[in-house]
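Note sheet for the following structure.
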Amino acid sequence: MSGRGRLLTLCLVLVAGLVTACTGDGDGTHDRVRLRVLASPELAVLAPLLGELKKATGVELDLDLRATAESARLPSAHAGHDLAWLSSDRYLRLRDKRSTQRVQRTPTMTSPVVVGLAPQVARTLRANVPGGRLTWADIADAAATGAVRFGMADPRHAGSGLAALVGVATAAANTGEVLRTKDVSCDRLRGFRSGQSLTAGTSPDLVDAYADHQDQANALIAYESDLLALNASGRLRHKLEIVRPQDGTVLSDFPLLLLDPSRRDAYDRVARWLRSDPAQEKIMRLTLRRPVSPTVTRDAPLRAAIGNALYFPDELPVIDSLLTDYGDPGHRTGDQVVFLLDFSGSMRGARMAALREAFAGLSGADSSATGKFTRFYRGERLTIVRFGGRVLQQRTVTVTGPEDLDALADTVARGGYGDATAVWSALDRGYRTAAGAVAAIPGRPVSLVLMTDGENNAGLTYAEFVRRYEALPAPARAVRTYPVHFGDADATALRRVAAKTGGRMVDAEDSSLSEAFKEIRGCH
């Protein structure tokens with residue numbers, strides 16, 4: 001080759017090298033790009049793959065891991081982030097519809113929120129369930145009795161916690177459909193939440209808290225991938241048995257979101273690479289999450305059926321109601337419910353049998369799904385006021401175990417009857433009790449349940465009751481009454497007092513006394 005030819009060859013090699021250096025993917029078609037990514041902490045596990053992604057696409061992802069990534073408002077490109085990579089964007093899209101409606105999303109992997117149970121707890125629960133197929137209702141029932149003490153990430157900040165909350169609430173509603181506002185008008189999850197003994201702001205922090213405090217909990221509600229990884233970590237005294245509830249789970253699909261439209265070319269390169277079969281296999285093995293590609297063979301631990309995939313609510317007030325009811329897990333107090341029960345002579349026989357059956361159901365005898373969600377729970381404070389022509393007996397118990405429920409049942413089962421019906425005097429006693437309760441522990445949820453089968457014919461008149469009610473301090477007046485219409489009770493009068501106090505009447509004549517009591521459980 002002549003000197004001139006060798007010089008030309010050298011120039012071509014140099015040019016090719018410069019082009020390759022600029023592209024980073026060796027094909028001379030793309031510039032190197034660095035993208036700033038707002039990321040959920042659950043994405044940190046992917047760090048070992050980012051170098052390979054950069055080499056293949058020419059795009060470097062700089063993950064800004066933030067515990068508040070899924071609860072904060074979606075930043076614009078001007079806030080310093082080009083992309084967002086979250087475990088879930090469903091709540092974000094409900095809350096920021098205008099800013100997210102044109103945001104491109106690409107699912108990258110999936111994982112359901114499931115339950116990990118200590119082996120002995122799992123065996124005990126399965127033994128009491130036909131076929132051993134556990135549901136969220138079974139978990140809620142065991143939590144209410146204290147048999148299950150679980151850890152769950154805070155749903156106000158963590159996608160796994162919110163997915164769990166939605167899953168349990170959907171099961172409690174028992175409609176087979178997406179949650180609506182009417183389904184969460186009363187809080188059916190108080191018994192379930194009474195079993196929570198560990199929490200954290202993120203899924204990774206929750207896993208660490210459980211591993212470090214195994215004596216405080218015997219169950220963990222988290223992503224399937226987190227439970228599989230924890231079982232393989234060697235950090236547990238006993239591996240958790242993974243339960244995928246039969247009544248369904250909520251899936252997260254870890255979407256990659258394009259925040260800055262000017263970065264679309266780089267975003268597309270990253271999305272294509274992440275969804276390619278080789279990358280999906282590596283993601284699966286690194287994260288233990290399920291691939292979104294249908295052509296990738298799942299590893300054995302990920303082949304288990306997840307059952308029914310539950311809908312995420314499409315109404316923001318539903319989520320807001322769930323989060324409000326959830327409150328702060330570190331500062332919870334048990335509810336107090338004051339039951340005002342008519343023990344006039346007309347309650348003898350079948351009506352009293354129905355009342356006792358209703359209380360037995362609330363004490364745990366009702367094995368239906370709704371019964372398991374609405375049962376009395378540990379920490380709940382219950383007051384029984386028996387009345388006829390006057391108050392016959394008042395008894396209060398705080399549920400700590402079966403003996404307290406037995407005492408409650410004994411109060412309902414025994415004792416004489418009155419010869420008249422002093423409805424408004426009994427309700428006045430209930431408000432005096434409620435006033436003491438809210439004064440002793442401000443913020444404690446308190447409600448009154450008034451069950452009668454007759455009309456007021458003794459004691460205070462309705463007008464006298466109203467005058468005494470309106471003289472109460474504001475926190476006591478905020479306590480609502482939920483009358484249960486039964487037998488020959490005056491439905492008009494019961495509706496009137498419900499409206500006066502902000503509650504609502506339920507009619508046991510339309511179903512049964514048991515169903516009426518369940519309908520208003522958790523209403524405050």
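If you're wondering about the labels, chains in the structure tokens are A, B, ... by order shown, residues count from 1 in each chain, ligands from 1 in order shown.
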
Can you check which residues of stretch 210-432 of chain A DSSP gives as strand (DSSP E or B) on the backbone and send them as a PDB file with C-alpha atoms, in the first residue's frame?
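Resulting contents of part.pdb:
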```pdb
ATOM      1  CA  ALA A 219     -45.888 -12.025  58.857  1.00  0.00           C
ATOM      2  CA  LEU A 220     -44.771  -9.601  56.180  1.00  0.00           C
ATOM      3  CA  ILE A 221     -46.970  -8.011  53.505  1.00  0.00           C
ATOM      4  CA  ALA A 222     -44.726  -6.971  50.635  1.00  0.00           C
ATOM      5  CA  TYR A 223     -43.826  -7.504  47.003  1.00  0.00           C
ATOM      6  CA  GLU A 241     -44.212 -19.181  53.459  1.00  0.00           C
ATOM      7  CA  ILE A 242     -45.450 -17.046  50.584  1.00  0.00           C
ATOM      8  CA  VAL A 243     -49.242 -16.785  50.384  1.00  0.00           C
ATOM      9  CA  THR A 249     -53.682  -9.290  44.575  1.00  0.00           C
ATOM     10  CA  LEU A 251     -49.810  -6.027  40.634  1.00  0.00           C
ATOM     11  CA  SER A 252     -47.172  -3.345  40.228  1.00  0.00           C
ATOM     12  CA  PRO A 255     -43.156   1.745  34.748  1.00  0.00           C
ATOM     13  CA  LEU A 256     -40.483   3.905  33.152  1.00  0.00           C
ATOM     14  CA  LEU A 257     -41.972   7.375  32.535  1.00  0.00           C
ATOM     15  CA  LEU A 258     -40.815   9.983  30.048  1.00  0.00           C
ATOM     16  CA  ARG A 290     -41.775 -11.362  36.818  1.00  0.00           C
ATOM     17  CA  ALA A 309     -55.538  -9.487  39.605  1.00  0.00           C
ATOM     18  CA  GLN A 336     -64.874   2.618  71.130  1.00  0.00           C
ATOM     19  CA  VAL A 337     -68.357   1.493  70.145  1.00  0.00           C
ATOM     20  CA  VAL A 338     -71.258   2.010  72.534  1.00  0.00           C
ATOM     21  CA  PHE A 339     -74.105  -0.435  71.891  1.00  0.00           C
ATOM     22  CA  LEU A 340     -77.464   0.705  73.262  1.00  0.00           C
ATOM     23  CA  LEU A 341     -79.574  -2.448  73.309  1.00  0.00           C
ATOM     24  CA  ASP A 342     -83.323  -2.620  73.893  1.00  0.00           C
ATOM     25  CA  SER A 344     -87.838  -4.339  76.900  1.00  0.00           C
ATOM     26  CA  ARG A 381     -63.234  -0.862  73.460  1.00  0.00           C
ATOM     27  CA  LEU A 382     -66.847  -2.020  73.618  1.00  0.00           C
ATOM     28  CA  THR A 383     -69.612  -0.730  75.869  1.00  0.00           C
ATOM     29  CA  ILE A 384     -72.949  -2.475  76.289  1.00  0.00           C
ATOM     30  CA  VAL A 385     -75.864  -0.450  77.681  1.00  0.00           C
ATOM     31  CA  ARG A 386     -78.966  -2.576  78.315  1.00  0.00           C
ATOM     32  CA  PHE A 387     -82.149  -0.556  78.677  1.00  0.00           C
ATOM     33  CA  VAL A 391     -80.836   1.909  81.908  1.00  0.00           C
ATOM     34  CA  LEU A 392     -80.629  -1.624  83.311  1.00  0.00           C
ATOM     35  CA  GLN A 393     -76.891  -2.274  83.048  1.00  0.00           C
ATOM     36  CA  GLN A 394     -73.727  -0.787  81.543  1.00  0.00           C
ATOM     37  CA  ARG A 395     -70.519  -2.712  80.998  1.00  0.00           C
ATOM     38  CA  THR A 396     -67.323  -1.855  79.128  1.00  0.00           C
ATOM     39  CA  VAL A 397     -64.540  -4.198  78.039  1.00  0.00           C
ATOM     40  CA  THR A 398     -61.353  -3.669  76.050  1.00  0.00           C
ATOM     41  CA  GLY A 418     -87.686  -3.890  81.400  1.00  0.00           C
TER      42      GLY A 418
END
```

Would you give me, as CSV, each residue of stretch 478-513 of chain A having an atom within 10 Å of an atom of stretch 449-457 of chain A, along with its shortest atom pair and that distance in Å to one decimal, using only C-alpha atoms and sorting by chain and residue number?
```
residue,atom,partner,partner_atom,distance
A:Arg480,CA,A:Val449,CA,8.7
A:Thr481,CA,A:Val449,CA,5.9
A:Tyr482,CA,A:Val449,CA,4.9
A:Pro483,CA,A:Leu450,CA,4.5
A:Val484,CA,A:Met451,CA,4.8
A:His485,CA,A:Thr452,CA,6.5
A:Phe486,CA,A:Asp453,CA,4.6
A:Gly487,CA,A:Asp453,CA,4.5
A:Asp488,CA,A:Gly454,CA,4.9
A:Ala489,CA,A:Gly454,CA,3.9
A:Asp490,CA,A:Glu455,CA,5.5
A:Ala491,CA,A:Glu455,CA,9.1
A:Ala493,CA,A:Glu455,CA,8.5
A:Leu494,CA,A:Leu450,CA,8.8
A:Ala498,CA,A:Leu450,CA,9.8
A:Gly503,CA,A:Val449,CA,9.6
A:Met505,CA,A:Leu450,CA,9.3
A:Val506,CA,A:Met451,CA,9.9
A:Ala508,CA,A:Met451,CA,9.6
A:Leu513,CA,A:Met451,CA,9.3
```

Report task. Using only C-alpha atoms, pick whichever of A:Thr501, A:Gln104, A:Ser447, A:Thr374 has the shortest atom-to-atom distance to A:Gly191. Result ->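 So, comparing all the options, the nearest one is A:Thr374.
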
Query raised in the report: Within 8 Å of A:Glu281, counting only C-alpha atoms, which residues qualify if same-chain residues fewer than 3 places away don't, as a list in words?
Result: Asp277, Pro278, Met284, Arg285, Pro291 and Val296 of chain A

Resulting file, chosen residues, N, CA and C atoms, as an mmCIF file, in the first residue's frame:
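Below you can see result_13.cif, which holds the result:
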```
data_model
loop_
_atom_site.group_PDB
_atom_site.id
_atom_site.type_symbol
_atom_site.label_atom_id
_atom_site.label_comp_id
_atom_site.auth_asym_id
_atom_site.auth_seq_id
_atom_site.Cartn_x
_atom_site.Cartn_y
_atom_site.Cartn_z
ATOM 1 N N ASP A 277 -35.727 -9.650 25.382
ATOM 2 C CA ASP A 277 -35.709 -10.905 26.133
ATOM 3 C C ASP A 277 -34.428 -11.100 26.940
ATOM 4 N N PRO A 278 -33.244 -10.824 26.385
ATOM 5 C CA PRO A 278 -32.026 -10.994 27.198
ATOM 6 C C PRO A 278 -32.038 -10.105 28.442
ATOM 7 N N MET A 284 -35.137 -10.412 35.693
ATOM 8 C CA MET A 284 -35.831 -11.427 36.476
ATOM 9 C C MET A 284 -34.896 -12.057 37.510
ATOM 10 N N ARG A 285 -33.690 -12.414 37.091
ATOM 11 C CA ARG A 285 -32.775 -13.110 37.990
ATOM 12 C C ARG A 285 -32.176 -12.159 39.031
ATOM 13 N N PRO A 291 -41.069 -11.207 34.483
ATOM 14 C CA PRO A 291 -40.823 -10.486 33.227
ATOM 15 C C PRO A 291 -42.133 -10.056 32.574
ATOM 16 N N VAL A 296 -40.277 -14.895 27.613
ATOM 17 C CA VAL A 296 -39.224 -15.242 28.567
ATOM 18 C C VAL A 296 -39.765 -16.293 29.532
#
```

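Distance annotation: of A:Gly522, A:Pro473, A:Pro112, A:Gly167, the residue with the minimal separation from A:Arg289 is A:Pro112; atom set is only C-alpha atoms.
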
Requested in this report: Just list the residues in stretch 38-264 of chain A DSSP gives alpha helix (DSSP H) on the backbone, as a PyMOL selection string.
Outcome: chain A and resi 47-57+90-95+97-100+119-127+136-145+159-173+190-193+203-212+224-232+264

Quick one: which stretch 179-202 of chain A residues come within 7 Å of stretch 129-151 of chain A, and what is the nearest atom pair for each with the distance in Å to one decimal, counting only C-alpha atoms, rows ordered by chain and ascending number, as CSV?
```
residue,atom,partner,partner_atom,distance
A:Gly191,CA,A:Ala144,CA,4.6
A:Phe192,CA,A:Ala140,CA,4.3
A:Ser194,CA,A:Ala144,CA,6.1
A:Gly195,CA,A:Ala143,CA,4.3
A:Gln196,CA,A:Phe150,CA,4.8
A:Ser197,CA,A:Phe150,CA,5.7
A:Leu198,CA,A:Gly151,CA,4.2
A:Thr199,CA,A:Gly151,CA,5.5
```

Please, could you write that set of residues out with N, CA, C and O atoms as an mmCIF file, in the first residue's frame?
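Now in selection23.cif:
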```cif
data_model
loop_
_atom_site.group_PDB
_atom_site.id
_atom_site.type_symbol
_atom_site.label_atom_id
_atom_site.label_comp_id
_atom_site.auth_asym_id
_atom_site.auth_seq_id
_atom_site.Cartn_x
_atom_site.Cartn_y
_atom_site.Cartn_z
ATOM 1 N N GLY A 191 -59.945 -4.018 62.069
ATOM 2 C CA GLY A 191 -59.478 -5.275 62.636
ATOM 3 C C GLY A 191 -58.196 -5.743 61.979
ATOM 4 O O GLY A 191 -57.267 -6.201 62.648
ATOM 5 N N PHE A 192 -58.150 -5.617 60.659
ATOM 6 C CA PHE A 192 -56.927 -5.968 59.930
ATOM 7 C C PHE A 192 -55.749 -5.133 60.424
ATOM 8 O O PHE A 192 -54.683 -5.655 60.751
ATOM 9 N N SER A 194 -55.259 -3.673 63.169
ATOM 10 C CA SER A 194 -54.875 -3.891 64.565
ATOM 11 C C SER A 194 -53.744 -4.904 64.685
ATOM 12 O O SER A 194 -53.069 -4.958 65.713
ATOM 13 N N GLY A 195 -53.515 -5.676 63.628
ATOM 14 C CA GLY A 195 -52.443 -6.672 63.660
ATOM 15 C C GLY A 195 -51.107 -6.148 63.174
ATOM 16 O O GLY A 195 -50.114 -6.896 63.179
ATOM 17 N N GLN A 196 -51.034 -4.884 62.760
ATOM 18 C CA GLN A 196 -49.770 -4.361 62.241
ATOM 19 C C GLN A 196 -48.836 -4.009 63.387
ATOM 20 O O GLN A 196 -49.161 -3.215 64.261
ATOM 21 N N SER A 197 -47.647 -4.584 63.359
ATOM 22 C CA SER A 197 -46.671 -4.352 64.430
ATOM 23 C C SER A 197 -45.365 -3.767 63.919
ATOM 24 O O SER A 197 -44.516 -3.372 64.713
ATOM 25 N N LEU A 198 -45.182 -3.709 62.590
ATOM 26 C CA LEU A 198 -43.977 -3.123 61.998
ATOM 27 C C LEU A 198 -44.366 -2.291 60.785
ATOM 28 O O LEU A 198 -45.280 -2.660 60.045
ATOM 29 N N THR A 199 -43.670 -1.197 60.580
ATOM 30 C CA THR A 199 -43.874 -0.424 59.364
ATOM 31 C C THR A 199 -42.579 0.275 58.994
ATOM 32 O O THR A 199 -41.621 0.298 59.776
#
```

Query - Shell of 9 Å around A:Ser293, only C-alpha atoms, local chain residues under 6 positions omitted, as a list in words - result: Thr108, Met109, Arg275, Ser276, Asp277 and Gln280 of chain A

Next, the residues of the selection above should be written as a JSON list (two decimals), in the first residue's frame with C-alpha atoms.
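For reference, part00.json as written:
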```
[["chain", "number", "residue", "atom", "x", "y", "z"],
["A", 108, "THR", "CA", -40.57, -3.07, 32.79],
["A", 109, "MET", "CA", -41.37, -5.95, 35.21],
["A", 275, "ARG", "CA", -38.01, -5.09, 27.32],
["A", 276, "SER", "CA", -35.72, -7.24, 25.16],
["A", 277, "ASP", "CA", -35.71, -10.91, 26.13],
["A", 280, "GLN", "CA", -35.80, -9.33, 30.82]]
```

Query - Contact residues around A:Val479 with only C-alpha atoms at 9 Å, ignoring same-chain residues under 6 positions, as a list in words - result: Tyr431, Ala434, Ala435, Val438, Pro445, Val446, Ser447, Leu448, Thr501, Gly502, Gly503 and His524 of chain A

Can you write out the residues you just picked, keeping N, CA and C atoms, as a JSON list (two decimals), in the first residue's frame?
```
[["chain", "number", "residue", "atom", "x", "y", "z"],
["A", 431, "TYR", "N", -74.40, 9.16, 74.97],
["A", 431, "TYR", "CA", -73.61, 10.36, 74.68],
["A", 431, "TYR", "C", -72.80, 10.80, 75.89],
["A", 434, "ALA", "N", -69.85, 8.59, 75.66],
["A", 434, "ALA", "CA", -69.00, 9.02, 74.55],
["A", 434, "ALA", "C", -68.23, 10.28, 74.90],
["A", 435, "ALA", "N", -68.88, 11.21, 75.60],
["A", 435, "ALA", "CA", -68.22, 12.45, 75.99],
["A", 435, "ALA", "C", -67.02, 12.15, 76.88],
["A", 438, "VAL", "N", -64.09, 10.59, 74.56],
["A", 438, "VAL", "CA", -63.33, 11.51, 73.71],
["A", 438, "VAL", "C", -62.57, 12.53, 74.54],
["A", 445, "PRO", "N", -61.69, 7.30, 67.84],
["A", 445, "PRO", "CA", -62.94, 7.11, 67.09],
["A", 445, "PRO", "C", -64.00, 6.48, 68.00],
["A", 446, "VAL", "N", -65.13, 7.15, 68.13],
["A", 446, "VAL", "CA", -66.23, 6.66, 68.96],
["A", 446, "VAL", "C", -67.51, 6.73, 68.15],
["A", 447, "SER", "N", -68.35, 5.73, 68.28],
["A", 447, "SER", "CA", -69.66, 5.74, 67.62],
["A", 447, "SER", "C", -70.68, 5.08, 68.53],
["A", 448, "LEU", "N", -71.95, 5.39, 68.28],
["A", 448, "LEU", "CA", -73.05, 4.81, 69.03],
["A", 448, "LEU", "C", -73.92, 3.98, 68.09],
["A", 501, "THR", "N", -77.46, 13.58, 64.28],
["A", 501, "THR", "CA", -76.11, 13.31, 64.79],
["A", 501, "THR", "C", -75.10, 12.98, 63.69],
["A", 502, "GLY", "N", -75.55, 12.96, 62.42],
["A", 502, "GLY", "CA", -74.63, 12.70, 61.32],
["A", 502, "GLY", "C", -74.47, 11.25, 60.96],
["A", 503, "GLY", "N", -75.26, 10.36, 61.57],
["A", 503, "GLY", "CA", -75.17, 8.93, 61.25],
["A", 503, "GLY", "C", -76.17, 8.53, 60.19],
["A", 524, "HIS", "N", -68.05, 5.87, 61.44],
["A", 524, "HIS", "CA", -67.78, 6.86, 62.48],
["A", 524, "HIS", "C", -68.11, 8.25, 61.96]]
```

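With distances restricted to only C-alpha atoms, A:Ala211 is the closest residue to A:Gly234 from A:Ala211, A:Ala44, A:Leu355, A:Val121.
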
Report summary line: Of A:Thr492, A:Thr175, A:Thr287, A:Gln246, the one nearest to A:Ala232 when counting only C-alpha atoms is A:Thr287

Report summary line: Taken to one decimal, the atom CA of A:Val399-atom CA of A:Gly379 distance is 5.3 Å
